[in-house]
Structures are given as structure tokens and as C-alpha cells.
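> The following file, entry_33.txt, comprises compact mmCIF, C-alpha atoms:
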```txt
# COMPACT_ATOMS: atom_id res chain seq x y z
CA MET A 39 8.08 -9.14 16.87
CA ILE A 40 7.87 -8.53 13.12
CA ILE A 41 4.65 -9.74 11.48
CA ASP A 42 4.46 -9.91 7.70
CA ILE A 43 1.20 -8.51 6.32
CA SER A 44 2.22 -8.62 2.65
CA THR A 45 0.86 -10.76 -0.16
CA PRO A 46 3.59 -12.99 -1.66
CA VAL A 47 4.23 -12.13 -5.30
CA THR A 48 4.14 -15.26 -7.48
CA SER A 49 3.11 -16.15 -11.01
CA SER A 50 -0.05 -17.80 -9.67
CA MET A 51 -1.14 -15.16 -7.18
CA MET A 52 -4.59 -13.61 -7.11
CA VAL A 53 -4.79 -10.58 -9.41
CA TYR A 54 -7.42 -7.92 -9.98
CA LYS A 55 -10.54 -9.40 -11.59
CA ASP A 56 -8.52 -12.58 -12.30
CA ARG A 57 -7.15 -10.97 -15.48
CA ASP A 58 -4.25 -13.05 -16.71
CA GLU A 59 -2.48 -10.03 -18.20
CA LYS A 60 -2.16 -8.69 -14.65
CA ARG A 61 -0.25 -11.73 -13.43
CA PRO A 62 3.46 -11.14 -12.74
CA THR A 63 5.92 -13.13 -14.82
CA PHE A 64 9.37 -14.29 -13.83
CA THR A 65 12.02 -14.94 -16.49
CA LYS A 66 15.18 -16.84 -15.57
CA LEU A 67 18.34 -15.45 -17.16
CA TYR A 68 21.73 -17.13 -17.47
CA GLN A 69 20.67 -20.68 -16.76
CA HIS A 70 23.76 -22.45 -17.96
CA PRO A 71 25.72 -25.27 -16.30
CA LEU A 72 28.99 -23.36 -16.71
CA HIS A 73 27.48 -20.14 -15.36
CA PRO A 74 25.90 -21.00 -12.01
CA ILE A 75 24.81 -17.42 -11.27
CA GLN A 76 21.03 -17.21 -11.12
CA GLU A 77 19.32 -14.00 -12.15
CA THR A 78 15.62 -13.32 -12.66
CA GLU A 79 13.70 -10.62 -14.47
CA LEU A 80 10.27 -9.69 -13.13
CA THR A 81 7.45 -8.11 -15.11
CA ILE A 82 4.79 -6.73 -12.80
CA ASN A 83 1.88 -4.30 -12.85
CA LEU A 84 2.49 -1.74 -10.08
CA HIS A 85 -0.98 -2.52 -8.65
CA THR A 86 -0.12 -6.15 -7.90
CA GLY A 87 -0.19 -7.62 -4.40
CA THR A 88 0.70 -5.22 -1.58
CA HIS A 89 1.06 -1.78 -3.17
CA VAL A 90 0.26 1.88 -2.62
CA ASP A 91 -1.67 4.22 -4.89
CA ALA A 92 -0.62 7.85 -5.40
CA PRO A 93 -2.97 10.60 -6.65
CA LEU A 94 -1.61 10.22 -10.22
CA HIS A 95 -3.36 6.82 -10.38
CA ILE A 96 -6.76 8.53 -10.49
CA ILE A 97 -6.13 12.25 -11.00
CA PRO A 98 -4.55 13.27 -14.33
CA ASP A 99 -1.34 15.22 -13.59
CA GLY A 100 -1.75 14.45 -9.89
CA PRO A 101 1.30 13.93 -7.65
CA PRO A 102 3.24 10.70 -8.20
CA ILE A 103 4.35 8.27 -5.50
CA ASP A 104 7.62 10.04 -4.69
CA GLU A 105 5.77 13.14 -3.49
CA PHE A 106 4.55 11.30 -0.41
CA ALA A 107 6.83 11.88 2.61
CA LEU A 108 8.43 8.62 3.78
CA SER A 109 6.90 9.29 7.23
CA LYS A 110 3.53 8.31 5.70
CA PHE A 111 4.75 4.72 5.64
CA TYR A 112 6.06 4.32 9.19
CA GLY A 113 4.42 4.86 12.54
CA PRO A 114 1.54 4.13 14.89
CA ALA A 115 -1.16 2.03 13.29
CA VAL A 116 -4.55 0.72 14.29
CA VAL A 117 -6.04 -2.48 12.88
CA ILE A 118 -9.85 -2.22 12.87
CA ASP A 119 -11.99 -5.36 12.88
CA LEU A 120 -14.63 -5.03 10.15
CA THR A 121 -14.94 -8.73 9.42
CA ASN A 122 -18.69 -8.64 9.96
CA VAL A 123 -19.25 -6.10 7.18
CA ILE A 124 -20.87 -7.71 4.13
CA GLU A 125 -20.95 -5.08 1.37
CA SER A 126 -19.20 -1.80 2.18
CA ILE A 127 -17.69 -0.13 5.22
CA ARG A 128 -19.92 2.76 6.29
CA LYS A 129 -19.22 5.70 8.56
CA SER A 130 -21.40 4.01 11.21
CA ASP A 131 -19.03 1.01 11.23
CA LEU A 132 -16.16 3.28 12.26
CA GLU A 133 -17.67 5.80 14.67
CA SER A 134 -17.28 3.62 17.76
CA ILE A 135 -13.53 3.16 17.15
CA THR A 136 -10.92 5.50 18.65
CA ILE A 137 -8.72 6.73 15.80
CA PRO A 138 -6.01 9.15 16.98
CA PRO A 139 -4.93 11.83 14.45
CA ASP A 140 -1.94 10.86 12.32
CA SER A 141 -2.79 7.13 12.54
CA ILE A 142 -2.11 4.57 9.87
CA VAL A 143 -5.55 2.91 9.68
CA LEU A 144 -5.71 -0.72 8.52
CA LEU A 145 -9.14 -2.12 7.65
CA LYS A 146 -9.45 -5.83 8.34
CA THR A 147 -12.43 -7.28 6.49
CA ARG A 148 -13.70 -10.66 5.38
CA ASN A 149 -11.49 -10.14 2.28
CA SER A 150 -8.56 -11.42 4.35
CA MET A 151 -10.35 -14.73 4.86
CA HIS A 152 -10.12 -15.83 1.24
CA LEU A 153 -6.86 -14.33 0.05
CA GLY A 154 -5.03 -16.61 -2.32
CA GLU A 155 -8.23 -17.88 -3.82
CA ARG A 156 -9.98 -16.50 -6.89
CA PHE A 157 -10.69 -12.79 -7.06
CA ASP A 158 -13.88 -11.87 -5.20
CA PHE A 159 -15.88 -9.54 -7.42
CA ASP A 160 -18.02 -8.67 -4.38
CA PHE A 161 -15.09 -7.68 -2.17
CA VAL A 162 -15.81 -5.44 0.82
CA TYR A 163 -14.90 -1.84 0.07
CA LEU A 164 -14.68 1.52 1.81
CA SER A 165 -17.70 3.68 1.03
CA ASP A 166 -17.44 7.28 -0.07
CA GLU A 167 -18.95 8.55 3.22
CA ALA A 168 -16.63 6.42 5.36
CA ALA A 169 -13.61 7.76 3.44
CA ALA A 170 -14.80 11.34 4.09
CA TYR A 171 -15.19 10.46 7.78
CA LEU A 172 -11.61 9.12 7.97
CA VAL A 173 -10.33 12.28 6.28
CA SER A 174 -12.12 14.29 9.00
CA LYS A 175 -10.30 12.19 11.62
CA GLN A 176 -6.99 13.38 10.10
CA ILE A 177 -5.59 9.92 9.51
CA LYS A 178 -2.13 9.67 7.93
CA THR A 179 -2.44 6.62 5.69
CA ILE A 180 -5.01 3.92 4.97
CA GLY A 181 -4.67 0.24 4.18
CA ILE A 182 -7.12 -2.49 3.23
CA ASP A 183 -7.02 -6.24 2.60
CA SER A 184 -8.36 -6.19 -0.95
CA LEU A 185 -6.86 -5.26 -4.30
CA GLY A 186 -9.17 -2.26 -4.51
CA ILE A 187 -10.42 0.14 -1.85
CA GLU A 188 -13.66 0.71 -3.77
CA ARG A 189 -15.86 -0.74 -6.49
CA ASN A 190 -19.06 0.29 -8.25
CA GLN A 191 -18.76 3.93 -7.23
CA SER A 192 -18.63 6.09 -10.34
CA HIS A 193 -15.71 8.52 -10.60
CA HIS A 194 -13.93 6.77 -7.68
CA PRO A 195 -15.05 9.11 -4.85
CA THR A 196 -13.32 7.01 -2.15
CA HIS A 197 -9.97 7.27 -3.93
CA ARG A 198 -10.56 10.99 -4.51
CA HIS A 199 -11.44 11.82 -0.89
CA LEU A 200 -8.30 10.10 0.33
CA LEU A 201 -5.79 11.04 -2.38
CA ASN A 202 -6.92 14.67 -2.61
CA ASN A 203 -6.14 14.89 1.08
CA GLY A 204 -2.66 13.42 0.75
CA ILE A 205 -3.58 10.04 2.23
CA PRO A 206 -1.75 7.11 0.59
CA ILE A 207 -3.97 4.10 -0.15
CA ILE A 208 -2.32 0.75 0.57
CA GLU A 209 -4.10 -2.18 -1.07
CA GLY A 210 -3.46 -5.93 -1.05
CA LEU A 211 -2.61 -6.33 2.63
CA ASN A 212 -3.01 -9.72 4.29
CA LEU A 213 -4.56 -9.18 7.73
CA ARG A 214 -5.98 -12.69 8.17
CA THR A 215 -4.10 -13.55 11.37
CA ILE A 216 -3.86 -10.01 12.78
CA SER A 217 -5.76 -9.16 15.96
CA PRO A 218 -7.40 -5.74 16.04
CA GLY A 219 -5.47 -3.14 18.02
CA ALA A 220 -2.37 -0.96 18.05
CA TYR A 221 0.89 -1.68 16.23
CA THR A 222 3.77 0.08 14.53
CA PHE A 223 3.41 -0.17 10.75
CA ILE A 224 6.41 -0.24 8.41
CA GLY A 225 5.87 -0.35 4.65
CA PHE A 226 8.16 1.81 2.55
CA PRO A 227 7.37 1.61 -1.18
CA LEU A 228 10.05 0.96 -3.79
CA SER A 229 11.58 4.22 -5.01
CA LEU A 230 9.84 4.70 -8.38
CA PRO A 231 9.95 8.44 -9.14
CA GLY A 232 7.08 9.71 -11.29
CA MET A 233 4.97 6.55 -10.98
CA GLU A 234 1.30 6.40 -10.01
CA ALA A 235 1.86 3.56 -7.54
CA SER A 236 4.56 1.40 -6.02
CA LEU A 237 5.11 -2.06 -4.61
CA MET A 238 6.00 -2.60 -0.96
CA ARG A 239 6.74 -5.12 1.76
CA ALA A 240 4.50 -4.25 4.69
CA VAL A 241 4.98 -5.44 8.26
CA LEU A 242 3.62 -4.76 11.71
CA ILE A 243 5.81 -4.46 14.77
CA THR A 244 4.14 -5.52 18.02
CA GLN A 245 4.44 -2.99 20.80
CA MET B 23 14.21 11.21 11.16
CA ILE B 24 13.88 8.87 8.16
CA ILE B 25 16.76 9.03 5.68
CA ASP B 26 16.36 7.36 2.30
CA ILE B 27 19.43 5.34 1.29
CA SER B 28 17.85 3.72 -1.79
CA THR B 29 18.68 4.21 -5.45
CA PRO B 30 15.67 5.55 -7.38
CA VAL B 31 14.52 3.09 -10.04
CA THR B 32 14.16 4.79 -13.43
CA SER B 33 14.61 3.85 -17.07
CA SER B 34 17.87 5.82 -17.19
CA MET B 35 19.42 4.64 -13.92
CA MET B 36 22.90 3.18 -13.66
CA VAL B 37 22.88 -0.59 -14.22
CA TYR B 38 25.49 -3.30 -13.86
CA LYS B 39 28.25 -2.89 -16.42
CA ASP B 40 26.04 -0.35 -18.25
CA ARG B 41 24.26 -3.24 -20.01
CA ASP B 42 21.13 -1.87 -21.65
CA GLU B 43 19.26 -5.15 -21.22
CA LYS B 44 19.55 -4.63 -17.45
CA ARG B 45 17.74 -1.31 -17.56
CA PRO B 46 14.21 -1.36 -16.11
CA THR B 47 11.37 -0.50 -18.48
CA PHE B 48 8.06 1.11 -17.65
CA THR B 49 5.01 0.53 -19.86
CA LYS B 50 1.95 2.75 -19.49
CA LEU B 51 -1.34 0.87 -19.72
CA TYR B 52 -4.79 2.35 -20.27
CA GLN B 53 -3.82 5.75 -21.55
CA HIS B 54 -7.13 6.82 -22.95
CA PRO B 55 -8.93 10.17 -22.57
CA LEU B 56 -12.14 8.43 -21.48
CA HIS B 57 -10.31 6.22 -19.01
CA PRO B 58 -8.25 8.51 -16.78
CA ILE B 59 -6.94 5.69 -14.59
CA GLN B 60 -3.18 5.43 -14.95
CA GLU B 61 -1.50 2.05 -14.55
CA THR B 62 2.10 1.08 -15.23
CA GLU B 63 3.83 -2.25 -15.80
CA LEU B 64 7.46 -2.55 -14.72
CA THR B 65 10.01 -4.99 -16.12
CA ILE B 66 13.04 -5.21 -13.87
CA ASN B 67 16.00 -7.47 -13.19
CA LEU B 68 15.92 -8.39 -9.48
CA HIS B 69 19.52 -7.15 -9.13
CA THR B 70 18.65 -3.57 -10.08
CA GLY B 71 19.20 -0.61 -7.77
CA THR B 72 18.82 -1.34 -4.06
CA HIS B 73 18.36 -5.10 -3.73
CA VAL B 74 19.39 -8.09 -1.64
CA ASP B 75 21.05 -11.30 -2.77
CA ALA B 76 20.06 -14.69 -1.31
CA PRO B 77 22.31 -17.79 -1.45
CA LEU B 78 20.41 -19.08 -4.51
CA HIS B 79 21.98 -16.26 -6.54
CA ILE B 80 25.38 -17.96 -6.34
CA ILE B 81 24.82 -21.43 -4.89
CA PRO B 82 22.80 -23.86 -7.05
CA ASP B 83 19.82 -25.09 -4.99
CA GLY B 84 20.74 -22.65 -2.21
CA PRO B 85 18.06 -21.02 -0.07
CA PRO B 86 15.92 -18.36 -1.80
CA ILE B 87 15.16 -14.90 -0.45
CA ASP B 88 12.12 -15.95 1.59
CA GLU B 89 14.24 -18.16 3.83
CA PHE B 90 15.85 -15.13 5.44
CA ALA B 91 14.08 -14.11 8.67
CA LEU B 92 12.56 -10.63 8.38
CA SER B 93 14.62 -9.63 11.44
CA LYS B 94 17.68 -9.64 9.14
CA PHE B 95 16.32 -6.47 7.55
CA TYR B 96 15.56 -4.36 10.63
CA GLY B 97 17.68 -3.27 13.54
CA PRO B 98 20.88 -1.65 14.79
CA ALA B 99 23.21 -0.68 11.98
CA VAL B 100 26.66 0.83 11.72
CA VAL B 101 27.79 2.89 8.74
CA ILE B 102 31.57 2.52 8.27
CA ASP B 103 33.57 5.21 6.44
CA LEU B 104 35.78 3.50 3.86
CA THR B 105 35.82 6.40 1.40
CA ASN B 106 39.62 6.42 1.35
CA VAL B 107 39.83 2.83 0.07
CA ILE B 108 40.89 2.73 -3.59
CA GLU B 109 40.69 -0.89 -4.73
CA SER B 110 39.20 -3.32 -2.20
CA ILE B 111 38.23 -3.27 1.44
CA ARG B 112 40.72 -5.37 3.44
CA LYS B 113 40.49 -6.85 6.91
CA SER B 114 42.97 -4.18 8.06
CA ASP B 115 40.52 -1.45 7.01
CA LEU B 116 37.92 -2.85 9.41
CA GLU B 117 39.87 -3.96 12.47
CA SER B 118 39.88 -0.55 14.17
CA ILE B 119 36.05 -0.29 13.98
CA THR B 120 33.79 -1.52 16.80
CA ILE B 121 31.23 -3.88 15.26
CA PRO B 122 28.84 -5.34 17.84
CA PRO B 123 27.50 -8.86 17.11
CA ASP B 124 24.17 -8.91 15.24
CA SER B 125 24.91 -5.57 13.53
CA ILE B 126 23.73 -4.57 10.09
CA VAL B 127 27.03 -3.34 8.62
CA LEU B 128 26.88 -0.73 5.85
CA LEU B 129 30.07 -0.04 3.91
CA LYS B 130 30.34 3.55 2.69
CA THR B 131 32.95 3.81 -0.05
CA ARG B 132 33.90 6.20 -2.82
CA ASN B 133 31.28 4.34 -4.92
CA SER B 134 28.63 6.57 -3.29
CA MET B 135 30.35 9.68 -4.70
CA HIS B 136 29.54 8.91 -8.32
CA LEU B 137 26.21 7.14 -8.14
CA GLY B 138 23.91 8.11 -11.00
CA GLU B 139 26.82 8.36 -13.40
CA ARG B 140 28.14 5.62 -15.64
CA PHE B 141 28.96 2.24 -14.13
CA ASP B 142 32.43 2.21 -12.57
CA PHE B 143 34.16 -0.99 -13.69
CA ASP B 144 36.77 -0.39 -10.96
CA PHE B 145 34.26 -0.08 -8.14
CA VAL B 146 35.51 -0.64 -4.60
CA TYR B 147 34.62 -4.13 -3.41
CA LEU B 148 34.81 -6.24 -0.26
CA SER B 149 37.74 -8.63 -0.33
CA ASP B 150 37.47 -12.30 0.46
CA GLU B 151 39.51 -11.90 3.69
CA ALA B 152 37.46 -8.91 4.88
CA ALA B 153 34.24 -10.89 4.32
CA ALA B 154 35.65 -13.76 6.41
CA TYR B 155 36.56 -11.25 9.13
CA LEU B 156 33.00 -9.84 9.19
CA VAL B 157 31.60 -13.38 9.42
CA SER B 158 33.86 -13.90 12.48
CA LYS B 159 32.36 -10.74 14.02
CA GLN B 160 28.91 -12.37 13.76
CA ILE B 161 27.31 -9.56 11.81
CA LYS B 162 23.66 -9.97 10.86
CA THR B 163 23.50 -8.38 7.42
CA ILE B 164 25.83 -6.46 5.11
CA GLY B 165 25.23 -3.60 2.71
CA ILE B 166 27.39 -1.74 0.22
CA ASP B 167 27.06 1.25 -2.11
CA SER B 168 27.84 -0.54 -5.36
CA LEU B 169 25.88 -2.90 -7.59
CA GLY B 170 28.26 -5.73 -6.69
CA ILE B 171 29.97 -6.61 -3.44
CA GLU B 172 32.92 -8.15 -5.31
CA ARG B 173 34.62 -8.26 -8.69
CA ASN B 174 37.55 -10.12 -10.20
CA GLN B 175 37.55 -12.83 -7.55
CA SER B 176 37.02 -16.21 -9.18
CA HIS B 177 34.20 -18.36 -7.80
CA HIS B 178 32.82 -15.36 -5.84
CA PRO B 179 34.44 -16.09 -2.44
CA THR B 180 33.06 -12.89 -0.84
CA HIS B 181 29.50 -13.82 -1.76
CA ARG B 182 30.14 -17.39 -0.57
CA HIS B 183 31.58 -16.43 2.84
CA LEU B 184 28.60 -14.21 3.55
CA LEU B 185 25.76 -16.23 2.03
CA ASN B 186 26.98 -19.57 3.39
CA ASN B 187 26.77 -17.98 6.82
CA GLY B 188 23.22 -16.72 6.35
CA ILE B 189 24.23 -13.08 5.89
CA PRO B 190 22.07 -11.21 3.35
CA ILE B 191 24.03 -9.01 0.92
CA ILE B 192 22.38 -5.67 0.18
CA GLU B 193 23.78 -3.95 -2.89
CA GLY B 194 23.00 -0.63 -4.57
CA LEU B 195 22.70 1.52 -1.44
CA ASN B 196 23.22 5.27 -1.69
CA LEU B 197 25.30 6.39 1.31
CA ARG B 198 26.64 9.61 -0.21
CA THR B 199 25.22 11.97 2.43
CA ILE B 200 25.34 9.56 5.38
CA SER B 201 27.74 10.26 8.25
CA PRO B 202 29.51 7.24 9.71
CA GLY B 203 27.99 5.96 12.95
CA ALA B 204 25.03 4.18 14.49
CA TYR B 205 21.50 4.07 13.08
CA THR B 206 18.46 1.83 12.88
CA PHE B 207 18.23 0.22 9.43
CA ILE B 208 14.91 -0.71 7.82
CA GLY B 209 14.86 -2.44 4.45
CA PHE B 210 12.36 -5.25 4.00
CA PRO B 211 12.57 -6.89 0.57
CA LEU B 212 9.51 -7.46 -1.60
CA SER B 213 7.94 -10.85 -0.86
CA LEU B 214 9.16 -12.95 -3.82
CA PRO B 215 9.08 -16.59 -2.68
CA GLY B 216 11.62 -18.83 -4.36
CA MET B 217 13.65 -16.01 -5.92
CA GLU B 218 17.42 -15.55 -5.70
CA ALA B 219 17.13 -11.85 -4.84
CA SER B 220 14.59 -9.13 -4.15
CA LEU B 221 14.14 -5.39 -4.49
CA MET B 222 13.80 -3.14 -1.46
CA ARG B 223 13.38 0.40 -0.20
CA ALA B 224 16.08 0.95 2.41
CA VAL B 225 16.09 3.72 4.99
CA LEU B 226 18.00 4.71 8.10
CA ILE B 227 16.33 6.03 11.23
CA THR B 228 18.42 8.44 13.28
CA GLN B 229 18.66 7.52 16.92
```
As C-alpha cells, what does this structure read like?

Amino acid sequence: MIIDISTPVTSSMMVYKDRDEKRPTFTKLYQHPLHPIQETELTINLHTGTHVDAPLHIIPDGPPIDEFALSKFYGPAVVIDLTNVIESIRKSDLESITIPPDSIVLLKTRNSMHLGERFDFDFVYLSDEAAAYLVSKQIKTIGIDSLGIERNQSHHPTHRHLLNNGIPIIEGLNLRTISPGAYTFIGFPLSLPGMEASLMRAVLITQ
Amino acid sequence: MIIDISTPVTSSMMVYKDRDEKRPTFTKLYQHPLHPIQETELTINLHTGTHVDAPLHIIPDGPPIDEFALSKFYGPAVVIDLTNVIESIRKSDLESITIPPDSIVLLKTRNSMHLGERFDFDFVYLSDEAAAYLVSKQIKTIGIDSLGIERNQSHHPTHRHLLNNGIPIIEGLNLRTISPGAYTFIGFPLSLPGMEASLMRAVLITQ
């Protein structure tokens, strides 16, 4: 079975810090009774909804999105239940979980419970030390159900630990209905050479 | 192995009929020495590069992209070699090929040989009668290596045959290096509820 874990992109969707300039806009072209073809133009920040960050997002002159191998976006995944975490995910929240090397790790938090509402400025994030722990577990890719994987950490150490180790950061997942456990993840980003991020449709395949 | 069959999206890519207003634009935000975070805004016509058409593109009040089941975009695919076709793909070009029901059918034509160059106004297209034949074979989804699946057919009968039968039309594939034969196709479109089309990253998995 294919389970959608993406955030629908609409003009009224939740955006980072509720900033209106980050809201996607859709412009209808060719709306004419004698020309029934419908065509739409989309203007969208690459960090909207379900998207992946490349090192260039944070590290000047870092690798862009097209330097990630496509295999980073396809393969065995584990959804970890962290819905009882209030502030930030710590190393101690993860140590009891079996995380095989080369896993795509998806962090399900209470963020998934209020997707579609206003932006939560106190969203649950992945702490610096937990990111370093996941790097030590040799994970392949990480995903989280918020529009940021960290907040209030100066110089973005969580992003740096992950991106400096070649781990793509997928943000904006919707894991609300997903049970913890093993899946196959598929989420190939749009081909945007040279960009610091890309948009994607992410799904889980049940095994 | 994962093989990319998508067209990279860039500001200089080939667009339909070489119309400049159809070229995507990338705007850098927050370029400031004290703010190293890089963020980009993309403006893009939904029919750019590798994308899928929904009935609403052609049929007023037809179903939008989100009414296709996700299973339409994942599964057994057959790449058909039609590189010797000059003008349009006819039923007779397809009859000798085994096409199992529920296949994702990918049409490889001479269009793939000059992708990245100027738009070819004489691109190879799928004729009305060949589309009707593929509908009779109960295919699941169709893809082609041009930015349009038809040209010079009034009232778009190829689009109508396919879309009226619930068959998504994927355009803008790059099949240049792909050998004819059987693969698994993966190409989930961005989640754009209500839209007449969507962008995608399309890949083939070798079996």
C-alpha cells in the first residue's frame, strides 16, 4: 500500500513562522471561453511543505541538492514515535530504538498533531546532541514533521552535523496517521540543479 | 539501480514552443553576508519539464491532479522503442509490442535525442488512433519524451482519449539513454490539490 506523508501545497497552507511572503501563489493563465486549456503558474519558496535541504542551504558554497545520490531518497525507513517529547528530541529519546545503518529515519512528534493549523513557534526539534548521535548510527537520510529540524540553536548545529555528513534533511512531513515501525520510503526531490533545497512528494510503502 | 528520467529544471531549459514566459525563474532571498542562510523562490508553469497532466488541463471542470490514485505513478513499466517514427506514433507502430494490462507505458522517440536544445515544433506525437488503441489495452499511465503528447490535432483527441479514461499523461521525460524493456517506474507528482497538472521527479528502477 502507498501512504502519502506529504503536506498538500495550497495558497492557504501553513508556512514557516506564518510569514505571508512564504505562502505559495497560483496564477491561472489562459482563462478564456474560446481557449479551454487550463494552465497554472506556481510561485513557491523551495522550503515550503515537504522539502529537502542540501548543505548549500546553511553552508556557503556547500553542495547543492543535485549532489545527493538518488539512493538517499529511496529505501528502508523507520518511523520513530517521539510524540511524548515536549521541547527537543535528545539522544536519550533515541537510544532505546534499533536504527540499522543506512536507514531513512523519520521522526514522528507532536508536530504532526496540529499540521494545517497556525505555525507552532514552539515546535519540537532535533537537538544538536541527538543529531550527532544519529550521525554516529550512520543513518542515510532524516525526516521530521515540522518545517524546521531545529530552532533557537545558534549557528544551526543540528543542520551542520547532518549536512556535513551528507545526510539530507527532509522537513514538512505529515506523519499524523503513521504507526511507528518499518517501511520503504520513496521521496525523490524535483530535479533543481544548483539549488539549496527541493520540493518532493514523499510516500511510505508498507512491507 | 535508480535511473533518472527527469528533465532538470533550470532557467535556461527547453520550454514549450521556446516561449520565454514559460521559462522558470529562480529568485535568491536573504543574500546577506551576516545571514548565510540561502533560500530560493521558484516561479514555474506546471507544464514545465517532467510533469503530469490531469483531465482539468483539457476538460473544463474535469478532475484535478489529486483525484488520480497514487498507484498510477508507481509500478511495472515498459519502455517502447519508437525512435524510427518520424511524424506521429500510429496504432501499427504499437501492435507488435506486448503491453500487459495495468502497465505504465513510456514512449521513447527521437524527441529524446535532442532534449536540451531548442524546442522542436515537429516533435513526434501520439496519434488519436494510437491513443485509443492504448486505452483498449487497459494501460495504467502513459509517458512521452516531449513537452506535448500531441500537436496539430484539433480539440486534442489524444489527450481526451487518455484523460477521459483516467490515464495520467506524463510529458517531458528524458529517455535518451534508456534501453527498451521492462522496469519499475516511480514518479509521484507534487501534492497540488485542485491543479490541472503537477511537477514530478521520475525514475526507473532496474529489475
> Sort by chain and increasing residue number a table of all residues of chain A within 6 Å of chain B, each with its closest pair of atoms and their distance in Å to one decimal, counting only C-alpha atoms, and write it as a Markdown table.

```
| residue | atom | partner | partner_atom | distance |
| --- | --- | --- | --- | --- |
| A:Pro46 | CA | B:Ser213 | CA | 4.9 |
| A:Val47 | CA | B:Leu214 | CA | 5.2 |
| A:Ile75 | CA | B:Ile80 | CA | 5.0 |
| A:Gln76 | CA | B:His79 | CA | 4.8 |
| A:Thr78 | CA | B:Leu68 | CA | 5.9 |
| A:Glu79 | CA | B:Asn67 | CA | 4.1 |
| A:Leu80 | CA | B:Ile66 | CA | 5.3 |
| A:Thr81 | CA | B:Thr65 | CA | 4.2 |
| A:Ile82 | CA | B:Leu64 | CA | 5.3 |
| A:Asn83 | CA | B:Glu63 | CA | 4.1 |
| A:Leu84 | CA | B:Thr62 | CA | 5.9 |
| A:His95 | CA | B:Gln60 | CA | 4.8 |
| A:Ile96 | CA | B:Ile59 | CA | 5.0 |
| A:Leu228 | CA | B:Arg223 | CA | 4.9 |
| A:Ser229 | CA | B:Pro30 | CA | 4.9 |
| A:Leu230 | CA | B:Val31 | CA | 5.2 |
| A:Arg239 | CA | B:Leu212 | CA | 4.9 |
```
> Write the residues of the selection above to a file with C-alpha atoms, as a short mmCIF file (atom, residue, chain, number, x, y, z; two decimals), in the coordinates of the input.

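Saved result, again38.cif, follows:
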```cif
data_model
loop_
_atom_site.label_atom_id
_atom_site.label_comp_id
_atom_site.auth_asym_id
_atom_site.auth_seq_id
_atom_site.Cartn_x
_atom_site.Cartn_y
_atom_site.Cartn_z
CA PRO A 46 3.59 -12.99 -1.66
CA VAL A 47 4.23 -12.13 -5.30
CA ILE A 75 24.81 -17.42 -11.27
CA GLN A 76 21.03 -17.21 -11.12
CA THR A 78 15.62 -13.32 -12.66
CA GLU A 79 13.70 -10.62 -14.47
CA LEU A 80 10.27 -9.69 -13.13
CA THR A 81 7.45 -8.11 -15.11
CA ILE A 82 4.79 -6.73 -12.80
CA ASN A 83 1.88 -4.30 -12.85
CA LEU A 84 2.49 -1.74 -10.08
CA HIS A 95 -3.36 6.82 -10.38
CA ILE A 96 -6.76 8.53 -10.49
CA LEU A 228 10.05 0.96 -3.79
CA SER A 229 11.58 4.22 -5.01
CA LEU A 230 9.84 4.70 -8.38
CA ARG A 239 6.74 -5.12 1.76
#
```
> If you measure from CA of Met151 (chain A) to CA of Thr179 (chain A), what distance in Å do you get, rounded to one decimal?
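The value is 22.8 Å.
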> Using CA of Ser141 (chain A) and CA of Gly219 (chain A) as the two end points, give the distance in Å to one decimal.
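Taking CA of Ser141 (chain A) and CA of Gly219 (chain A), their separation equals 11.9 Å.
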> What is the distance between CA of Leu200 (chain A) and CA of Arg214 (chain A), in Å to one decimal?
24.2 Å
> Which neighbours of Ser114 (chain B) fall inside 10 Å, counting all atoms listed in the file, when residues of the same chain fewer than 4 positions from it are skipped, and could you give them as a list in words?
Ser118, Ile119, Glu151, Ala152 and Tyr155 of chain B
> Considering all atoms listed in the file, state which residue in the set A:Leu213, A:Ile142, A:Ala115, A:Ala169 is at the smallest distance from Arg128 (chain A).
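Comparing A:Leu213, A:Ile142, A:Ala115, A:Ala169 against Arg128 (chain A), the winner is A:Ala169.
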> Name all residues at most 7 Å from region 185-190 of chain B (count only C-alpha atoms; drop same-chain ones fewer than 2 positions away) and give them as a PyMOL selection string.
chain B and resi 74-77+162-164+181-183+192
> Give as a list in words each residue that has an atom at most 12 Å from (-16.7, -8.6, 9.5) in the file, counting all atoms listed in the file.
Ile118, Asp119, Leu120, Thr121, Asn122, Val123, Ile124, Glu125, Ser126, Ile127, Asp131, Leu145, Lys146, Thr147, Arg148, Asn149, Ser150, Met151, Phe161, Val162, Tyr163, Arg214 and Pro218 of chain A
> Rank nothing, just name the residue among B:Asp42, B:Asp144, B:Glu193, B:Glu117 nearest to Arg173 (chain B), using all atoms listed in the file.
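When distances to Arg173 (chain B) are compared using all atoms listed in the file, the smallest one comes from B:Asp144.
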> Find, counting all atoms listed in the file, the residue in A:Leu164, A:Val143, A:Ile207, A:Leu153 that gets nearest to Ile177 (chain A).
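Of A:Leu164, A:Val143, A:Ile207, A:Leu153, the one nearest Ile177 (chain A) is A:Val143, counting all atoms listed in the file.
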> Using only C-alpha atoms, find the one residue out of A:Phe157, A:Phe106, A:Phe111, A:Tyr68 that sits nearest to Tyr54 (chain A).
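The shortest atom-to-atom distance to Tyr54 (chain A) comes from A:Phe157.
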